[in-house]
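Engineer: This structure is in structure tokens; I'll ask about it shortly.
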Amino acid sequence: MANPSLLILAGDGIGPEVMEQVKRVIGWFGEKRDLAFDVSEDLVGGAAYDAHGTPLHDDTMARALEVDAVLLGAVGGPKYDDLDFSVKPERGLLRLRKEMDLFSNLRPAQCFDALADFSSLKKDVVAGLDIMIVRELTSGVYFGEPRGIFEEGNERVGINTQRYTEGEIDRVARSAFELARRRSGKVCSMEKANVMESGILWREVVQKVRDTDYPDIELSHMYADNGAMQLVRAPKQFDVILTDNLFGDILSDCAAMLTGSLGMLPSASLGKPTEKGPPRALYEPVHGSAPDIAGQGKANPIACILSFAMALRYSFDQGDEAARLEAAIETVLAEGARTADLMGAEGGTPISTAEMGDAILGALDASL
Ligand code: IPM
Ligand code: MG
């Protein structure tokens, strides 16, 4: 049988340097666990714009639709700030999400024991935190029409449209319920049904899917503003949070920061199951391209490596190997390995991106 295929799009800023470490980890699984991947690489974001004048070349898009999974680093940087909206680096990422139909975005917010002190919240509020945000990713205000900046009388008006069909709500609700079955069975759905019709429909459809096909799931509903407040007040009350594209963008940054380690969090974006079996999928760290430290060997590769662990679990049915990789990362953190972003008040000397890679490969070797 052919090896599973992976397309690597390292992108901009720290993307390429953190991806370098992921490639070493992928190589390790091929060599030591007989889990070889056919890896190809291409450009996305500003890097693609520099080469082709577009943040995502059509050939790259076509390739992304063929492979078993895409691993993405990060896109964007100040160099591209003045570009026309249509060719900004972010448009490359949004095109991938849309054309791969990656409607379900899983964003874990997990507090690593060794790093609980880094949270801006008190340690006991966040220690052991393990939340999964399921964010709708291909619709809502990010894509709704009409949109644009229009002339109206003697001034301009900026318009974006929040739009959700029943089908779009239904499918992302199912993915949250399926996921919850593999966790605590608890889902909290967040919208603004008090002010938005799209929120009323969201609440109705989510409840109906639960009542019809997932009666074992404990479902609650919360207004998204209250959800933001509860996330900061008592985050451990949540397990799976289901929400739309824009609220999910905001709530997931908030949840991520609770853990004190934005630089540590991975994400998975999944579509419908394909004929081949596993869904179309794109894996990427939650952090951005961090242009201020790019090219200096300072970046933390853990979020990107954990994104590959999610790929092992959700695309390649290798949950045990994913757990091995996650445990290796817990081990190096417990042993005190720290990149610059993880240096606390106690100080010390940070290790480089590559040294963090070395440490993780060492822990993987020790796991055999
Ligand atoms: C994210 C980012 C993106 C988003 C940007 C880069 C388009 O903030 O993945 O959360 O808004 O979805
Ligand atoms: Mg965001």
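Here, A, B, ... name the chains of the structure tokens in the order displayed, residue numbers run from 1 inside each chain, and ligands are numbered from 1 in the same displayed order.
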Write out, as JSON lines, each residue of chain A that has an atom at most 7 Å from ligand 1, together with the closest pair of atoms and their distance in Å to one decimal, counting only C-alpha atoms and all ligand atoms, rows going by chain and rising number.
Structural biologist:
{"residue": "A:Glu90", "atom": "CA", "partner": "ligand 1", "partner_atom_place_in_ligand_line": "7 (C)", "distance": 5.0}
{"residue": "A:Leu93", "atom": "CA", "partner": "ligand 1", "partner_atom_place_in_ligand_line": "7 (C)", "distance": 6.9}
{"residue": "A:Leu94", "atom": "CA", "partner": "ligand 1", "partner_atom_place_in_ligand_line": "7 (C)", "distance": 6.4}
{"residue": "A:Asp249", "atom": "CA", "partner": "ligand 1", "partner_atom_place_in_ligand_line": "10 (O)", "distance": 4.9}
{"residue": "A:Val286", "atom": "CA", "partner": "ligand 1", "partner_atom_place_in_ligand_line": "9 (O)", "distance": 6.5}
Engineer: Store the residues picked out above, limited to N, CA and C atoms, as a PDB file, in the first residue's frame.
Structural biologist:
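Generated output (part29.pdb):
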ATOM      1  N   GLU A  90      -3.301  36.019   4.374  1.00  0.00           N
ATOM      2  CA  GLU A  90      -4.423  35.335   5.022  1.00  0.00           C
ATOM      3  C   GLU A  90      -5.407  34.754   4.008  1.00  0.00           C
ATOM      4  N   LEU A  93      -4.797  31.127   3.224  1.00  0.00           N
ATOM      5  CA  LEU A  93      -5.297  30.214   4.257  1.00  0.00           C
ATOM      6  C   LEU A  93      -6.820  30.076   4.163  1.00  0.00           C
ATOM      7  N   LEU A  94      -7.501  31.200   3.979  1.00  0.00           N
ATOM      8  CA  LEU A  94      -8.967  31.156   3.899  1.00  0.00           C
ATOM      9  C   LEU A  94      -9.424  30.378   2.661  1.00  0.00           C
ATOM     10  N   ASP A 249     -13.277  32.322  16.609  1.00  0.00           N
ATOM     11  CA  ASP A 249     -11.984  32.982  16.443  1.00  0.00           C
ATOM     12  C   ASP A 249     -11.592  33.671  17.746  1.00  0.00           C
ATOM     13  N   VAL A 286      -1.885  27.258  16.462  1.00  0.00           N
ATOM     14  CA  VAL A 286      -2.787  28.391  16.673  1.00  0.00           C
ATOM     15  C   VAL A 286      -2.021  29.718  16.593  1.00  0.00           C
TER      16      VAL A 286
END
Engineer: At a cut-off of 10 Å around ligand 2, and using only C-alpha atoms and all ligand atoms, what residues come up? Please write them as an NGL selection string.
Structural biologist: :A and (245-254 or 286-288)
Engineer: Considering only C-alpha atoms, return as a CSV table (one decimal) with N, CA and C atoms, in the first residue's frame whatever protein or nucleic-acid residues lie within 10 Å of Glu99 in chain A, sequence-local ones (same chain, fewer than 5 positions apart) excluded.
Structural biologist:
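Ended up saving to out_23.csv:
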chain,number,residue,atom,x,y,z
A,61,MET,N,-3.3,24.5,-4.5
A,61,MET,CA,-4.7,24.2,-4.1
A,61,MET,C,-5.1,22.8,-4.6
A,62,ALA,N,-4.7,22.5,-5.8
A,62,ALA,CA,-5.1,21.2,-6.4
A,62,ALA,C,-4.4,20.1,-5.6
A,64,ALA,N,-3.4,20.2,-2.5
A,64,ALA,CA,-4.0,20.1,-1.2
A,64,ALA,C,-5.3,19.3,-1.2
A,65,LEU,N,-6.0,19.3,-2.3
A,65,LEU,CA,-7.2,18.5,-2.4
A,65,LEU,C,-6.9,17.0,-2.6
A,94,LEU,N,-7.5,31.2,4.0
A,94,LEU,CA,-9.0,31.2,3.9
A,94,LEU,C,-9.4,30.4,2.7
A,138,THR,N,-16.1,27.5,7.8
A,138,THR,CA,-16.2,27.8,6.3
A,138,THR,C,-17.5,28.7,6.0
Engineer: From the list A:Ala74, A:Leu258, A:Arg203, A:Glu335, which residue is nearest Gln230 in chain A when using only C-alpha atoms?
Structural biologist: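 Among the listed residues, the smallest separation from Gln230 in chain A belongs to A:Leu258.
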Engineer: Excluding Lys122 in chain A and any residue of its chain fewer than 6 positions from it, enumerate the residues within 12 Å of it, using only C-alpha atoms, and give them as a compact mmCIF listing (two decimals) with N, CA and C atoms, in the first residue's frame.
Structural biologist:
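Here's the written file around_17.txt:
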# COMPACT_ATOMS: atom_id res chain seq x y z
N ALA A 116 1.76 25.66 34.21
CA ALA A 116 0.56 26.26 34.80
C ALA A 116 0.83 27.64 35.40
N VAL A 232 -13.04 32.93 31.53
CA VAL A 232 -12.01 33.56 32.36
C VAL A 232 -12.29 33.32 33.84
N ARG A 233 -13.59 33.20 34.19
CA ARG A 233 -13.97 33.02 35.60
C ARG A 233 -13.71 31.60 36.09
N ALA A 234 -14.21 30.62 35.33
CA ALA A 234 -14.14 29.23 35.77
C ALA A 234 -14.07 28.31 34.55
N PRO A 235 -12.92 28.29 33.87
CA PRO A 235 -12.83 27.57 32.59
C PRO A 235 -13.05 26.07 32.70
N LEU A 258 -5.53 31.32 28.33
CA LEU A 258 -5.74 30.82 29.69
C LEU A 258 -4.67 29.82 30.08
N THR A 259 -4.23 29.05 29.08
CA THR A 259 -3.28 27.98 29.37
C THR A 259 -1.88 28.54 29.59
N GLY A 260 -1.69 29.81 29.29
CA GLY A 260 -0.37 30.41 29.49
C GLY A 260 0.59 30.04 28.38
Engineer: Would you mind telling me which residue in A:Thr212, A:Thr165, A:Ser139, A:Ser119 lies nearest to Arg97 in chain A when using only C-alpha atoms?
Structural biologist: A:Ser139
